[in-house]
Amino acid sequence: MSTVLVTGANRGLGLEFVRQYAADGWRVFAGCRDPGSAKELGQLAAASGGKVRVLALDVTDTASVRAAAQSLAGEPIDLLINNAGVGAPKNQRLGSLDYAAWARVLDANTMGPMRVVEAFLENVAAGGERRIVTLTSAMGSIADNASGGSYAYRSSKAAVNIVMKSLSIDLAPRGITCVVVHPGWVRTDMGGPGGKLDPPESVAALRRLIAGLRPQDTGRFFNYDGKPYPW
């Protein structure tokens, strides 16, 4: 039985990843900041017949991440999905930027995935598939930035892209494949109602992409439909 760890699993794409992988018979470790308030995730876990285990895991809290990893010591993880993240702080315009809010976005979206990789690295190395997939955004693409603005969010996603690129090089000798993926514009709390995809559509496409990953794909940036995305 394959095993996946999903962060930010209490809503949106994270919850949909849990739902789809569990439905396909995977064992799922579902991380979220506050399991007690994650009612839909809790219901999904209760109905899963033991396939879904919910973990307290706050990617901005090193102690929380390490405690979650300790609770899974010795558990092989085939696939690690860094999904947890935050959106852009509101009303951030040139001349009135909130640098403390910017730092919080970087903490969650850039350092958060790195904390998770460091903490669960041995679990992934022990897995059969050895894949790390980090959800980024088209807004982290430098080549695709034609509208400017969104300094905090864009920079956090561009930064996590280069973090994962470096990891792909450092972890290649251990046979671990690291990629970043743009999930599309999805109708979630973060994406808003104007998105072009529903979570089930995005996640189904991402799962097809993930299933087809090869070691030579490590370090690449993909769109949800499997096409390369410009850096």
# chains A, B, ... in the order shown; residues from 1 in each chain; ligands from 1
>>> residues_around(residues="Ala68 in chain A", least_positions_apart="6", cutoff="7 Å", atoms="only C-alpha atoms", output="number ranges by chain")
A: 55-57
>>> residues_around(residues="range 71-79 of chain A", least_positions_apart="6", cutoff="12 Å", atoms="only C-alpha atoms", output="ChimeraX atom specification")
/A:1-7,17,21,26-31,53-57,64-65,117,119-134,175-179,207,210-211,213
>>> select_by_dssp(residues="range 28-217 of chain A", states="strand (DSSP E or B)", output="ChimeraX atom specification")
/A:28-32,52-56,79-82,131-135,177-182,186,197
>>> residues_around(residues="range 153-157 of chain A", least_positions_apart="3", cutoff="8 Å", atoms="only C-alpha atoms", output="PyMOL selection string")
chain A and resi 87-89+102+105-106+109-110+136-137+139-141+150+160-161
>>> atom_distance(atom1="CA of Gln92 in chain A", atom2="CA of Ile142 in chain A")
19.3 Å
>>> closest_residue(among="A:Gly149, A:Gly50, A:Gly226, A:Gly212", to="Asn91 in chain A", atoms="only C-alpha atoms")
A:Gly149
>>> closest_residue(among="A:Asp34, A:Asp198, A:Asp217, A:Asp61", to="Val116 in chain A", atoms="only C-alpha atoms")
A:Asp61
>>> closest_atom_pairs(of="range 104-204 of chain A", to="range 227-230 of chain A", cutoff="9 Å", atoms="only C-alpha atoms", output="tab-separated table")
residue	atom	partner	partner_atom	distance
A:Ala138	CA	A:Tyr229	CA	7.9
A:Ser141	CA	A:Pro230	CA	6.4
A:Ile142	CA	A:Pro230	CA	7.9
A:Ala143	CA	A:Pro230	CA	6.1
A:Asp144	CA	A:Pro230	CA	6.9
A:Val181	CA	A:Tyr229	CA	8.3
A:His182	CA	A:Tyr229	CA	8.0
>>> closest_residue(among="A:Leu80, A:Leu13, A:Val52, A:Ala101", to="Ala204 in chain A", atoms="only C-alpha atoms")
A:Leu13
>>> atom_distance(atom1="CA of Asn82 in chain A", atom2="CA of Gly8 in chain A")
7.9 Å
>>> select_by_dssp(residues="range 78-178 of chain A", states="alpha helix (DSSP H)", output="ChimeraX atom specification")
/A:99-106,112-126,151-171
>>> write_last_selection(atoms="N, CA and C atoms", output="tab-separated table (two decimals), in the first residue's frame")
chain	number	residue	atom	x	y	z
A	99	TYR	N	5.46	44.97	5.96
A	99	TYR	CA	6.59	44.05	5.88
A	99	TYR	C	6.46	42.89	6.86
A	100	ALA	N	5.79	43.12	7.98
A	100	ALA	CA	5.56	42.01	8.91
A	100	ALA	C	4.64	40.97	8.28
A	101	ALA	N	3.61	41.44	7.57
A	101	ALA	CA	2.71	40.51	6.88
A	101	ALA	C	3.45	39.77	5.78
A	102	TRP	N	4.33	40.47	5.07
A	102	TRP	CA	5.15	39.85	4.03
A	102	TRP	C	6.00	38.72	4.62
A	103	ALA	N	6.60	38.99	5.77
A	103	ALA	CA	7.44	37.98	6.42
A	103	ALA	C	6.63	36.74	6.79
A	104	ARG	N	5.37	36.94	7.19
A	104	ARG	CA	4.53	35.79	7.54
A	104	ARG	C	4.20	34.95	6.31
A	105	VAL	N	4.02	35.61	5.17
A	105	VAL	CA	3.77	34.87	3.93
A	105	VAL	C	5.00	34.06	3.53
A	106	LEU	N	6.17	34.66	3.63
A	106	LEU	CA	7.40	33.93	3.33
A	106	LEU	C	7.60	32.76	4.29
A	112	GLY	N	8.03	27.09	5.25
A	112	GLY	CA	7.18	26.00	5.69
A	112	GLY	C	7.44	24.70	4.95
A	113	PRO	N	7.42	24.69	3.62
A	113	PRO	CA	7.73	23.46	2.89
A	113	PRO	C	9.12	22.91	3.19
A	114	MET	N	10.09	23.81	3.40
A	114	MET	CA	11.43	23.35	3.71
A	114	MET	C	11.48	22.69	5.09
A	115	ARG	N	10.75	23.26	6.05
A	115	ARG	CA	10.68	22.62	7.37
A	115	ARG	C	10.16	21.20	7.25
A	116	VAL	N	9.12	21.04	6.44
A	116	VAL	CA	8.48	19.73	6.29
A	116	VAL	C	9.44	18.75	5.62
A	117	VAL	N	10.12	19.18	4.57
A	117	VAL	CA	11.07	18.29	3.89
A	117	VAL	C	12.17	17.86	4.84
A	118	GLU	N	12.74	18.80	5.57
A	118	GLU	CA	13.81	18.45	6.51
A	118	GLU	C	13.33	17.43	7.55
A	119	ALA	N	12.14	17.66	8.08
A	119	ALA	CA	11.65	16.81	9.16
A	119	ALA	C	11.30	15.40	8.69
A	120	PHE	N	10.76	15.29	7.47
A	120	PHE	CA	10.27	14.00	6.97
A	120	PHE	C	11.19	13.38	5.92
A	121	LEU	N	12.39	13.89	5.80
A	121	LEU	CA	13.29	13.42	4.74
A	121	LEU	C	13.57	11.93	4.84
A	122	GLU	N	13.84	11.44	6.03
A	122	GLU	CA	14.16	10.01	6.16
A	122	GLU	C	12.95	9.14	5.87
A	123	ASN	N	11.75	9.63	6.18
A	123	ASN	CA	10.54	8.88	5.82
A	123	ASN	C	10.42	8.74	4.31
A	124	VAL	N	10.66	9.86	3.60
A	124	VAL	CA	10.56	9.84	2.14
A	124	VAL	C	11.65	8.95	1.55
A	125	ALA	N	12.86	9.04	2.09
A	125	ALA	CA	13.97	8.22	1.59
A	125	ALA	C	13.68	6.74	1.76
A	126	ALA	N	12.87	6.40	2.77
A	126	ALA	CA	12.53	4.98	3.02
A	126	ALA	C	11.37	4.51	2.16
A	151	TYR	N	3.57	41.58	-4.29
A	151	TYR	CA	4.98	41.39	-3.95
A	151	TYR	C	5.20	40.24	-2.97
A	152	ALA	N	4.38	40.18	-1.94
A	152	ALA	CA	4.58	39.16	-0.92
A	152	ALA	C	4.32	37.76	-1.48
A	153	TYR	N	3.17	37.59	-2.12
A	153	TYR	CA	2.81	36.26	-2.60
A	153	TYR	C	3.73	35.81	-3.73
A	154	ARG	N	3.97	36.70	-4.70
A	154	ARG	CA	4.86	36.33	-5.81
A	154	ARG	C	6.24	35.92	-5.31
A	155	SER	N	6.79	36.73	-4.42
A	155	SER	CA	8.15	36.44	-3.95
A	155	SER	C	8.20	35.15	-3.15
A	156	SER	N	7.15	34.85	-2.38
A	156	SER	CA	7.14	33.60	-1.60
A	156	SER	C	7.12	32.38	-2.50
A	157	LYS	N	6.40	32.47	-3.61
A	157	LYS	CA	6.32	31.32	-4.52
A	157	LYS	C	7.56	31.21	-5.40
A	158	ALA	N	8.10	32.34	-5.84
A	158	ALA	CA	9.37	32.29	-6.58
A	158	ALA	C	10.47	31.71	-5.69
A	159	ALA	N	10.44	32.09	-4.41
A	159	ALA	CA	11.45	31.59	-3.48
A	159	ALA	C	11.32	30.10	-3.22
A	160	VAL	N	10.08	29.61	-3.06
A	160	VAL	CA	9.95	28.17	-2.82
A	160	VAL	C	10.35	27.39	-4.07
A	161	ASN	N	10.17	27.99	-5.25
A	161	ASN	CA	10.61	27.32	-6.47
A	161	ASN	C	12.12	27.06	-6.43
A	162	ILE	N	12.90	28.08	-6.05
A	162	ILE	CA	14.35	27.90	-6.05
A	162	ILE	C	14.80	27.00	-4.90
A	163	VAL	N	14.07	27.04	-3.78
A	163	VAL	CA	14.37	26.12	-2.69
A	163	VAL	C	14.22	24.67	-3.15
A	164	MET	N	13.12	24.39	-3.84
A	164	MET	CA	12.89	23.02	-4.29
A	164	MET	C	13.84	22.62	-5.42
A	165	LYS	N	14.22	23.59	-6.25
A	165	LYS	CA	15.22	23.30	-7.27
A	165	LYS	C	16.54	22.87	-6.63
A	166	SER	N	16.95	23.59	-5.59
A	166	SER	CA	18.18	23.22	-4.89
A	166	SER	C	18.04	21.86	-4.23
A	167	LEU	N	16.87	21.60	-3.63
A	167	LEU	CA	16.65	20.29	-3.02
A	167	LEU	C	16.72	19.18	-4.06
A	168	SER	N	16.22	19.44	-5.25
A	168	SER	CA	16.25	18.41	-6.29
A	168	SER	C	17.69	17.99	-6.59
A	169	ILE	N	18.60	18.93	-6.53
A	169	ILE	CA	20.02	18.62	-6.77
A	169	ILE	C	20.62	17.90	-5.57
A	170	ASP	N	20.34	18.41	-4.38
A	170	ASP	CA	20.93	17.83	-3.18
A	170	ASP	C	20.41	16.43	-2.88
A	171	LEU	N	19.16	16.15	-3.26
A	171	LEU	CA	18.55	14.85	-2.94
A	171	LEU	C	18.61	13.84	-4.07
>>> residues_around(residues="Ala205 in chain A", least_positions_apart="2", cutoff="8 Å", atoms="only C-alpha atoms", output="list of chain:residue names")
A:Glu201, A:Ser202, A:Val203, A:Arg207, A:Arg208, A:Leu209, A:Tyr224, A:Asp225, A:Gly226
>>> write_last_selection(atoms="N, CA and C atoms", output="tab-separated table (two decimals), in the first residue's frame")
chain	number	residue	atom	x	y	z
A	201	GLU	N	-11.17	18.56	-10.14
A	201	GLU	CA	-10.54	18.60	-11.46
A	201	GLU	C	-9.04	18.82	-11.34
A	202	SER	N	-8.65	19.81	-10.55
A	202	SER	CA	-7.24	20.13	-10.39
A	202	SER	C	-6.47	18.96	-9.79
A	203	VAL	N	-7.02	18.39	-8.72
A	203	VAL	CA	-6.32	17.30	-8.04
A	203	VAL	C	-6.23	16.05	-8.91
A	207	ARG	N	-2.71	14.46	-9.87
A	207	ARG	CA	-2.38	13.07	-9.55
A	207	ARG	C	-1.88	12.32	-10.78
A	208	ARG	N	-2.46	12.61	-11.94
A	208	ARG	CA	-1.95	11.99	-13.17
A	208	ARG	C	-0.51	12.43	-13.42
A	209	LEU	N	-0.25	13.71	-13.22
A	209	LEU	CA	1.10	14.23	-13.39
A	209	LEU	C	2.07	13.55	-12.42
A	224	TYR	N	-0.47	22.09	-14.00
A	224	TYR	CA	-1.30	20.97	-13.55
A	224	TYR	C	-1.59	19.97	-14.66
A	225	ASP	N	-1.56	20.43	-15.92
A	225	ASP	CA	-1.87	19.53	-17.04
A	225	ASP	C	-0.65	18.76	-17.53
A	226	GLY	N	0.45	18.87	-16.81
A	226	GLY	CA	1.66	18.12	-17.17
A	226	GLY	C	2.62	18.84	-18.06
>>> closest_residue(among="A:Lys51, A:Ala172, A:Trp185, A:Gln70", to="Arg214 in chain A", atoms="only C-alpha atoms")
A:Ala172
